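Visitor: Data file start01.txt (compact mmCIF, C-alpha atoms and all ligand atoms) is appended below.
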# COMPACT_ATOMS: atom_id res chain seq x y z
CA MET A 108 10.95 -8.39 2.93
CA LEU A 109 8.31 -11.00 3.76
CA GLY A 110 7.48 -11.13 7.46
CA VAL A 111 6.09 -9.17 10.40
CA PHE A 112 7.33 -5.66 11.27
CA LYS A 113 6.53 -3.57 14.34
CA TYR A 114 6.30 0.22 14.09
CA ASN A 115 5.43 2.95 16.55
CA ASP A 116 5.27 6.15 14.54
CA LYS A 117 2.90 8.84 13.27
CA LEU A 118 0.28 6.12 12.65
CA GLY A 119 0.65 4.79 16.19
CA ARG A 120 1.44 1.28 17.38
CA ARG A 121 1.10 -0.89 14.32
CA LEU A 122 2.12 -4.11 12.64
CA VAL A 123 2.98 -4.46 8.98
CA VAL A 124 2.52 -8.01 7.72
CA ILE A 125 4.09 -8.73 4.35
CA LEU A 126 2.76 -11.87 2.73
CA GLN A 127 3.89 -13.67 -0.36
CA GLY A 128 1.58 -13.08 -3.33
CA TYR A 129 1.18 -14.41 -6.82
CA PRO A 130 2.53 -11.98 -9.42
CA CYS A 131 0.28 -8.92 -9.60
CA ALA A 132 -2.33 -9.50 -12.33
CA TYR A 133 -1.68 -6.01 -13.69
CA GLY A 134 2.11 -6.16 -13.34
CA LYS A 135 3.05 -3.23 -15.61
CA CYS A 136 4.12 -0.41 -13.27
CA THR A 137 7.58 0.79 -14.32
CA PHE A 138 8.95 1.06 -10.77
CA CYS A 139 7.51 -2.10 -9.18
CA PRO A 140 9.95 -4.50 -7.46
CA PHE A 141 7.40 -6.86 -5.93
CA ALA A 142 7.77 -9.62 -8.54
CA LEU A 143 11.12 -10.36 -6.86
CA GLU A 144 9.31 -11.79 -3.81
CA GLN A 145 6.35 -13.46 -5.46
CA THR A 146 5.78 -17.06 -6.41
CA LEU A 147 3.79 -19.12 -8.90
CA HIS A 148 3.62 -22.15 -6.59
CA PRO A 149 0.38 -22.44 -4.59
CA ALA A 150 1.78 -24.87 -1.99
CA LYS A 151 4.78 -22.62 -1.29
CA LEU A 152 2.56 -19.56 -1.07
CA LEU A 153 0.20 -21.23 1.43
CA GLU A 154 3.02 -22.58 3.58
CA THR A 155 4.96 -19.28 3.65
CA ASN A 156 1.88 -17.23 4.45
CA ARG A 157 0.66 -19.64 7.14
CA ARG A 158 4.00 -19.20 8.90
CA ILE A 159 3.91 -15.38 8.59
CA ILE A 160 0.28 -15.13 9.73
CA GLY A 161 1.05 -17.39 12.72
CA GLU A 162 3.92 -15.10 13.70
CA ALA A 163 1.72 -12.01 13.24
CA LEU A 164 -0.96 -13.49 15.52
CA ARG A 165 1.64 -14.23 18.19
CA VAL A 166 2.96 -10.62 18.01
CA LYS A 167 -0.59 -9.22 17.98
CA ASN A 168 -1.48 -11.09 21.17
CA GLU A 169 1.72 -10.03 22.96
CA TRP A 170 2.14 -6.46 21.72
CA HIS A 171 -1.47 -5.27 21.14
CA PRO A 172 -1.01 -3.04 18.08
CA ARG A 173 -3.80 -0.60 17.19
CA ARG A 174 -3.41 -1.10 13.44
CA ILE A 175 -2.45 -4.11 11.34
CA ALA A 176 -1.58 -3.67 7.67
CA ILE A 177 -1.49 -6.60 5.24
CA PHE A 178 0.60 -6.27 2.08
CA ASN A 179 1.10 -8.90 -0.60
CA GLY A 180 2.92 -6.99 -3.33
CA GLY A 181 -0.33 -6.53 -5.21
CA SER A 182 -4.01 -6.48 -4.28
CA LEU A 183 -5.52 -8.31 -1.31
CA HIS A 184 -8.18 -9.72 -3.66
CA GLU A 185 -5.49 -11.63 -5.54
CA LEU A 186 -4.63 -13.84 -2.55
CA PRO A 187 -6.19 -17.33 -2.39
CA LEU A 188 -9.34 -17.68 -0.31
CA THR A 189 -7.53 -19.94 2.18
CA VAL A 190 -5.10 -17.11 3.01
CA LEU A 191 -7.92 -14.54 3.19
CA GLU A 192 -9.69 -16.83 5.70
CA GLU A 193 -6.55 -17.29 7.77
CA LEU A 194 -6.21 -13.50 8.10
CA LYS A 195 -9.56 -13.16 9.91
CA PRO A 196 -8.22 -13.35 13.50
CA LEU A 197 -5.70 -10.60 12.71
CA ALA A 198 -8.47 -8.17 11.71
CA ARG A 199 -10.50 -8.47 14.90
CA GLY A 200 -10.35 -5.48 17.26
CA VAL A 201 -7.95 -3.39 15.17
CA VAL A 202 -7.81 -0.92 12.33
CA PHE A 203 -7.22 -3.37 9.49
CA GLU A 204 -5.35 -2.02 6.46
CA VAL A 205 -5.10 -3.63 3.05
CA GLU A 206 -3.79 -2.64 -0.38
CA GLU A 207 -5.83 -2.88 -3.55
CA ARG A 208 -5.61 -1.69 -7.11
CA SER A 209 -8.47 0.72 -7.68
CA GLU A 210 -10.44 -1.69 -9.91
CA TYR A 211 -11.03 -4.00 -6.93
CA VAL A 212 -12.57 -1.21 -4.87
CA THR A 213 -16.33 -0.87 -5.26
CA LEU A 214 -19.17 -0.42 -2.77
CA ASP A 215 -19.91 -4.16 -3.07
CA SER A 216 -16.30 -5.23 -2.47
CA ILE A 217 -16.02 -2.85 0.50
CA ARG A 218 -19.21 -4.24 2.06
CA HIS A 219 -17.99 -7.77 1.48
CA LEU A 220 -14.63 -7.04 3.15
CA LEU A 221 -16.40 -5.48 6.14
CA ASP A 222 -18.65 -8.54 6.53
CA PHE A 223 -15.76 -10.93 6.03
CA TYR A 224 -13.27 -9.32 8.45
CA ASN A 225 -15.44 -7.25 10.81
CA PRO A 226 -12.53 -4.99 11.90
CA ASP A 227 -12.89 -1.86 14.09
CA LYS A 228 -12.15 0.03 10.91
CA LEU A 229 -11.10 -0.96 7.41
CA VAL A 230 -8.46 1.13 5.63
CA ILE A 231 -7.97 0.48 1.92
CA ARG A 232 -4.74 1.87 0.47
CA ILE A 233 -4.64 2.54 -3.27
CA GLY A 234 -1.45 3.54 -5.12
CA PHE A 235 -2.52 6.45 -7.30
CA GLU A 236 1.03 7.81 -6.74
CA ASN A 237 0.54 11.18 -8.50
CA ILE A 238 -2.32 13.57 -9.23
CA GLU A 239 -1.13 14.16 -12.82
CA GLU A 240 -2.56 11.61 -15.22
CA TRP A 241 0.48 11.95 -17.52
CA VAL A 242 2.83 11.02 -14.66
CA ARG A 243 0.66 8.05 -13.69
CA GLU A 244 0.22 6.78 -17.23
CA LYS A 245 3.37 7.83 -19.14
CA VAL A 246 6.02 7.72 -16.40
CA LEU A 247 4.65 5.05 -14.06
CA ALA A 248 2.32 3.04 -16.37
CA LYS A 249 -0.10 2.70 -13.45
CA GLY A 250 -3.15 1.95 -15.57
CA MET A 251 -5.24 4.23 -13.37
CA PRO A 252 -6.56 7.11 -15.49
CA ASP A 253 -8.37 10.19 -14.17
CA SER A 254 -11.69 8.39 -14.71
CA GLU A 255 -10.65 5.90 -11.98
CA LEU A 256 -9.56 8.71 -9.67
CA HIS A 257 -12.94 10.38 -10.13
CA ARG A 258 -14.79 7.09 -9.56
CA ILE A 259 -12.91 6.51 -6.30
CA ARG A 260 -13.53 10.15 -5.23
CA ASP A 261 -17.28 9.57 -5.67
CA LEU A 262 -17.06 6.21 -3.89
CA ILE A 263 -15.40 7.86 -0.86
CA ALA A 264 -18.25 10.36 -0.73
CA LYS A 265 -20.75 7.46 -0.79
CA VAL A 266 -18.89 5.55 1.94
CA ARG A 267 -18.95 8.68 4.13
CA GLU A 268 -22.64 9.27 3.45
CA LEU A 269 -23.42 5.68 4.51
CA GLY A 270 -21.27 6.04 7.65
CA LEU A 271 -19.32 2.83 6.95
CA PRO A 272 -16.24 2.25 9.16
CA VAL A 273 -13.97 2.53 6.14
CA GLU A 274 -11.25 4.92 5.02
CA ILE A 275 -9.60 5.02 1.62
CA TRP A 276 -5.99 6.25 1.57
CA THR A 277 -3.53 6.75 -1.24
CA TYR A 278 0.22 6.70 -1.80
CA VAL A 279 2.36 9.41 -3.37
CA LEU A 280 5.63 8.25 -4.91
CA PHE A 281 8.68 10.57 -4.89
CA GLY A 282 12.44 10.51 -5.53
CA MET A 283 12.25 8.88 -8.98
CA GLU A 284 13.44 10.25 -12.32
CA GLY A 285 10.54 11.50 -14.42
CA ILE A 286 8.41 12.57 -11.43
CA PRO A 287 8.81 16.37 -11.10
CA GLU A 288 8.95 17.52 -7.46
CA ASP A 289 6.28 20.15 -8.00
CA THR A 290 3.83 17.41 -9.03
CA VAL A 291 4.63 15.52 -5.80
CA ALA A 292 3.79 18.53 -3.62
CA ARG A 293 0.66 19.21 -5.68
CA SER A 294 -0.38 15.54 -5.45
CA VAL A 295 -0.25 15.68 -1.66
CA ARG A 296 -2.34 18.87 -1.57
CA GLU A 297 -4.96 17.56 -4.04
CA PHE A 298 -5.12 14.02 -2.67
CA LYS A 299 -5.72 15.36 0.83
CA ARG A 300 -8.96 16.88 -0.50
CA ILE A 301 -10.08 13.52 -1.94
CA PHE A 302 -8.74 10.74 0.29
CA ASP A 303 -8.94 10.00 4.01
CA GLY A 304 -5.16 9.71 4.26
CA VAL A 305 -1.98 10.19 2.21
CA ILE A 306 1.29 8.27 2.62
CA ALA A 307 4.41 9.42 0.75
CA ILE A 308 6.77 6.65 -0.31
CA ARG A 309 10.34 7.19 -1.38
CA TYR A 310 11.25 5.30 -4.52
CA ARG A 311 14.07 2.75 -4.27
CA ARG A 312 15.53 0.88 -7.21
CA TYR A 313 15.99 -2.90 -6.97
CA VAL A 314 16.17 -3.77 -10.67
CA PRO A 315 18.91 -2.14 -12.81
CA THR A 316 16.53 -1.55 -15.74
CA HIS A 317 14.03 0.35 -13.58
CA PRO A 318 14.00 4.19 -13.45
CA LYS A 319 16.82 5.92 -11.57
CA PRO A 320 16.29 7.18 -8.03
CA VAL A 321 16.94 10.95 -7.68
CA PRO A 322 17.82 13.12 -4.67
CA VAL A 323 14.97 14.71 -2.75
CA SER A 324 15.16 18.44 -1.98
CA LYS A 325 14.97 19.58 1.66
CA GLU A 326 12.00 21.71 0.71
CA LEU A 327 10.01 18.73 -0.57
CA ALA A 328 11.04 16.59 2.42
CA LEU A 329 9.68 19.28 4.77
CA ILE A 330 6.42 19.56 2.84
CA LEU A 331 5.96 15.78 2.91
CA GLU A 332 6.71 15.49 6.63
CA ARG A 333 4.32 18.33 7.40
CA GLU A 334 1.46 17.51 5.03
CA THR A 335 1.17 13.72 4.85
CA ASP A 336 0.02 11.12 7.37
CA LEU A 337 3.31 9.29 6.99
CA VAL A 338 6.53 9.53 4.97
CA ASP A 339 8.04 6.14 4.28
CA TRP A 340 11.76 6.73 3.75
CA GLY A 341 12.61 3.01 3.76
CA GLY A 342 13.34 0.41 6.46
CA ASP A 343 13.44 -3.34 6.97
CA GLN A 344 10.16 -3.96 5.13
CA TRP A 345 11.81 -2.46 2.04
CA VAL A 346 14.58 -5.06 1.88
CA ILE A 347 13.28 -7.03 -1.09
CA ALA A 348 14.79 -10.34 -2.16
CA GLY A 349 17.82 -9.54 0.03
CA LYS A 350 18.40 -6.09 -1.56
CA GLU A 351 17.99 -2.78 0.24
CA GLY A 352 17.32 -0.95 -3.02
CA SER A 353 19.25 2.16 -4.06
CA ALA A 354 18.21 5.73 -3.30
CA PRO A 355 20.60 8.69 -3.33
CA GLY A 356 20.97 10.51 0.02
S1 LIG B 401 -0.26 -2.45 -9.25
FE1 LIG B 401 1.17 -2.52 -7.51
S2 LIG B 401 1.93 -4.63 -7.45
FE2 LIG B 401 0.95 -4.35 -9.46
S3 LIG B 401 2.63 -3.79 -10.83
FE3 LIG B 401 1.76 -1.87 -10.06
S4 LIG B 401 2.94 -1.32 -8.21
FE4 LIG B 401 3.36 -3.48 -8.72
Taking this structure as input, can you express it in the form of structure tokens?
Guide:
Amino acid sequence: MLGVFKYNDKLGRRLVVILQGYPCAYGKCTFCPFALEQTLHPAKLLETNRRIIGEALRVKNEWHPRRIAIFNGGSLHELPLTVLEELKPLARGVVFEVEERSEYVTLDSIRHLLDFYNPDKLVIRIGFENIEEWVREKVLAKGMPDSELHRIRDLIAKVRELGLPVEIWTYVLFGMEGIPEDTVARSVREFKRIFDGVIAIRYRRYVPTHPKPVPVSKELALILERETDLVDWGGDQWVIAGKEGSAPG
């Protein structure tokens, strides 16, 4: 759901700001519902996002969150420059989190984001979703082969070596047909060795032709709660285009 959401959880006191984006330039992931909230109309996009950013600034000034995450159903770099400029006051004095597809994440783009936003810390979240290339490419159609995973692994090492105030996190998707549970647990273990943080996200289905949601074993739920930085089981931000999305209990 587009808007501003307050959380106080494992990640601390934080705001999630969901902006309207243009359709993701990649747009092929088999499970992705974000097209339901996107627009092709620049004027509508600017007006909607100006309203949401204004609300986020008001909440930031009243509630003083430690982290602010910006999502646009795609990559931050796909938002118009006007919107990127209007986000600047939100980034000041906080851990500023954004989502990107891996191809937007290079040492140059990281340095540019740091100069542009000057946050206390920049967190870039990338949706690799699963450590197994066959799950990413055949089940999810992520378009992020192992070569990209290895490139980002080396980039993280470089960012650490340079001492930049940047962390790169990843998502792990679970609860969807075609994603074996053992690969989810293994993804968390392996990703923890590569990334600065791991967030597990439960799949929900919004479009009837998308893959089916499947039940999650208690064993996996325990592993995820214990081993990840956050398990996202759903919530208001996951109401998309008026639908809560289906996920078996
Ligand atoms: S990269 Fe992200 S926004 Fe784009 S299609 Fe895949 S899941 Fe959706």
Visitor: Using all atoms listed in the file, determine which residues fall within 10 Å of ligand LIG 401 (chain B), then list them as number ranges by chain.
Guide: A: 128-142, 178-182, 206-209, 233-236, 247-251
Visitor: When you count all atoms listed in the file, which of these residues is closest to Glu210 of chain A: A:Arg312, A:Arg165, A:Arg158, A:Arg258?
Guide: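 Using all atoms listed in the file, Glu210 of chain A sits closest to A:Arg258.
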Visitor: Quick one: of A:Ala163, A:Leu271, A:Val201, A:Leu143, who's nearest to Ile125 of chain A, counting only C-alpha atoms?
Guide: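 The closest residue to Ile125 of chain A is A:Ala163.
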Visitor: Using only C-alpha atoms, pick whichever of A:Glu193, A:Glu297, A:Glu351, A:Glu288 has the shortest atom-to-atom distance to Ala328 of chain A.
Guide: A:Glu288
Visitor: Take atom CA of Val346 of chain A and atom CA of Leu126 of chain A and report the distance between them in Å, one decimal.
Guide: 13.7 Å
Visitor: Excluding segment 110-116 of chain A and residues on its chain fewer than 4 positions from it, collect all residues at most 6 Å away from it, counting all atoms listed in the file, and give them as a list in words.
Guide: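 Counting all atoms listed in the file, the residues come to Arg120, Arg121, Leu122, Val123, Val124, Ile125, Ile159 and Ala163 of chain A.
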Visitor: How would the residues just picked look written out with C-alpha atoms as a compact mmCIF listing (two decimals), in the coordinates of the input?
Guide:
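Result file follows (again_13.txt):
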# COMPACT_ATOMS: atom_id res chain seq x y z
CA ARG A 120 1.44 1.28 17.38
CA ARG A 121 1.10 -0.89 14.32
CA LEU A 122 2.12 -4.11 12.64
CA VAL A 123 2.98 -4.46 8.98
CA VAL A 124 2.52 -8.01 7.72
CA ILE A 125 4.09 -8.73 4.35
CA ILE A 159 3.91 -15.38 8.59
CA ALA A 163 1.72 -12.01 13.24
Visitor: Using Å and a single decimal, report how far atom CA of Asp336 of chain A sits from atom CA of Ala307 of chain A.
Guide: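 Interatomic distance, atom CA of Ala307 of chain A to atom CA of Asp336 of chain A: 8.1 Å.
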Visitor: Counting only C-alpha atoms, figure out which residue out of A:Leu194, A:Ala354, A:Leu337, A:Leu164 gets nearest to Gly119 of chain A.
Guide: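 Comparing A:Leu194, A:Ala354, A:Leu337, A:Leu164 against Gly119 of chain A, the winner is A:Leu337.
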Visitor: Starting from the incomplete input, reconstruct N, CA and C atoms of segment 216-232 of chain A and write that as a PDB file, keeping the file's coordinate frame.
Guide:
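Listing of out.pdb after writing:
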ATOM      1  N   SER A 216     -17.496  -4.557  -3.012  1.00  0.00           N
ATOM      2  CA  SER A 216     -16.300  -5.230  -2.470  1.00  0.00           C
ATOM      3  C   SER A 216     -15.984  -4.705  -1.075  1.00  0.00           C
ATOM      4  N   ILE A 217     -16.255  -3.418  -0.834  1.00  0.00           N
ATOM      5  CA  ILE A 217     -16.020  -2.850   0.500  1.00  0.00           C
ATOM      6  C   ILE A 217     -16.960  -3.508   1.520  1.00  0.00           C
ATOM      7  N   ARG A 218     -18.236  -3.622   1.141  1.00  0.00           N
ATOM      8  CA  ARG A 218     -19.210  -4.240   2.060  1.00  0.00           C
ATOM      9  C   ARG A 218     -18.836  -5.690   2.347  1.00  0.00           C
ATOM     10  N   HIS A 219     -18.370  -6.364   1.303  1.00  0.00           N
ATOM     11  CA  HIS A 219     -17.990  -7.770   1.480  1.00  0.00           C
ATOM     12  C   HIS A 219     -16.781  -7.879   2.428  1.00  0.00           C
ATOM     13  N   LEU A 220     -15.798  -7.006   2.257  1.00  0.00           N
ATOM     14  CA  LEU A 220     -14.630  -7.040   3.150  1.00  0.00           C
ATOM     15  C   LEU A 220     -15.031  -6.749   4.594  1.00  0.00           C
ATOM     16  N   LEU A 221     -15.943  -5.796   4.775  1.00  0.00           N
ATOM     17  CA  LEU A 221     -16.400  -5.480   6.140  1.00  0.00           C
ATOM     18  C   LEU A 221     -17.089  -6.684   6.772  1.00  0.00           C
ATOM     19  N   ASP A 222     -17.958  -7.347   6.002  1.00  0.00           N
ATOM     20  CA  ASP A 222     -18.650  -8.540   6.530  1.00  0.00           C
ATOM     21  C   ASP A 222     -17.662  -9.658   6.826  1.00  0.00           C
ATOM     22  N   PHE A 223     -16.704  -9.813   5.945  1.00  0.00           N
ATOM     23  CA  PHE A 223     -15.760 -10.930   6.030  1.00  0.00           C
ATOM     24  C   PHE A 223     -14.810 -10.761   7.231  1.00  0.00           C
ATOM     25  N   TYR A 224     -14.306  -9.525   7.420  1.00  0.00           N
ATOM     26  CA  TYR A 224     -13.270  -9.320   8.450  1.00  0.00           C
ATOM     27  C   TYR A 224     -13.787  -8.670   9.726  1.00  0.00           C
ATOM     28  N   ASN A 225     -14.856  -7.903   9.630  1.00  0.00           N
ATOM     29  CA  ASN A 225     -15.440  -7.250  10.810  1.00  0.00           C
ATOM     30  C   ASN A 225     -14.398  -6.539  11.680  1.00  0.00           C
ATOM     31  N   PRO A 226     -13.554  -5.692  11.097  1.00  0.00           N
ATOM     32  CA  PRO A 226     -12.530  -4.990  11.900  1.00  0.00           C
ATOM     33  C   PRO A 226     -13.156  -3.771  12.592  1.00  0.00           C
ATOM     34  N   ASP A 227     -12.406  -3.135  13.514  1.00  0.00           N
ATOM     35  CA  ASP A 227     -12.890  -1.860  14.090  1.00  0.00           C
ATOM     36  C   ASP A 227     -13.060  -0.852  12.955  1.00  0.00           C
ATOM     37  N   LYS A 228     -12.069  -0.837  12.094  1.00  0.00           N
ATOM     38  CA  LYS A 228     -12.150   0.030  10.910  1.00  0.00           C
ATOM     39  C   LYS A 228     -11.347  -0.633   9.790  1.00  0.00           C
ATOM     40  N   LEU A 229     -11.820  -0.444   8.575  1.00  0.00           N
ATOM     41  CA  LEU A 229     -11.100  -0.960   7.410  1.00  0.00           C
ATOM     42  C   LEU A 229     -10.454   0.215   6.683  1.00  0.00           C
ATOM     43  N   VAL A 230      -9.149   0.116   6.430  1.00  0.00           N
ATOM     44  CA  VAL A 230      -8.460   1.130   5.630  1.00  0.00           C
ATOM     45  C   VAL A 230      -7.983   0.466   4.339  1.00  0.00           C
ATOM     46  N   ILE A 231      -8.402   1.019   3.217  1.00  0.00           N
ATOM     47  CA  ILE A 231      -7.970   0.480   1.920  1.00  0.00           C
ATOM     48  C   ILE A 231      -6.981   1.476   1.324  1.00  0.00           C
ATOM     49  N   ARG A 232      -5.776   1.010   1.064  1.00  0.00           N
ATOM     50  CA  ARG A 232      -4.740   1.870   0.470  1.00  0.00           C
ATOM     51  C   ARG A 232      -4.671   1.601  -1.032  1.00  0.00           C
TER      52      ARG A 232
END
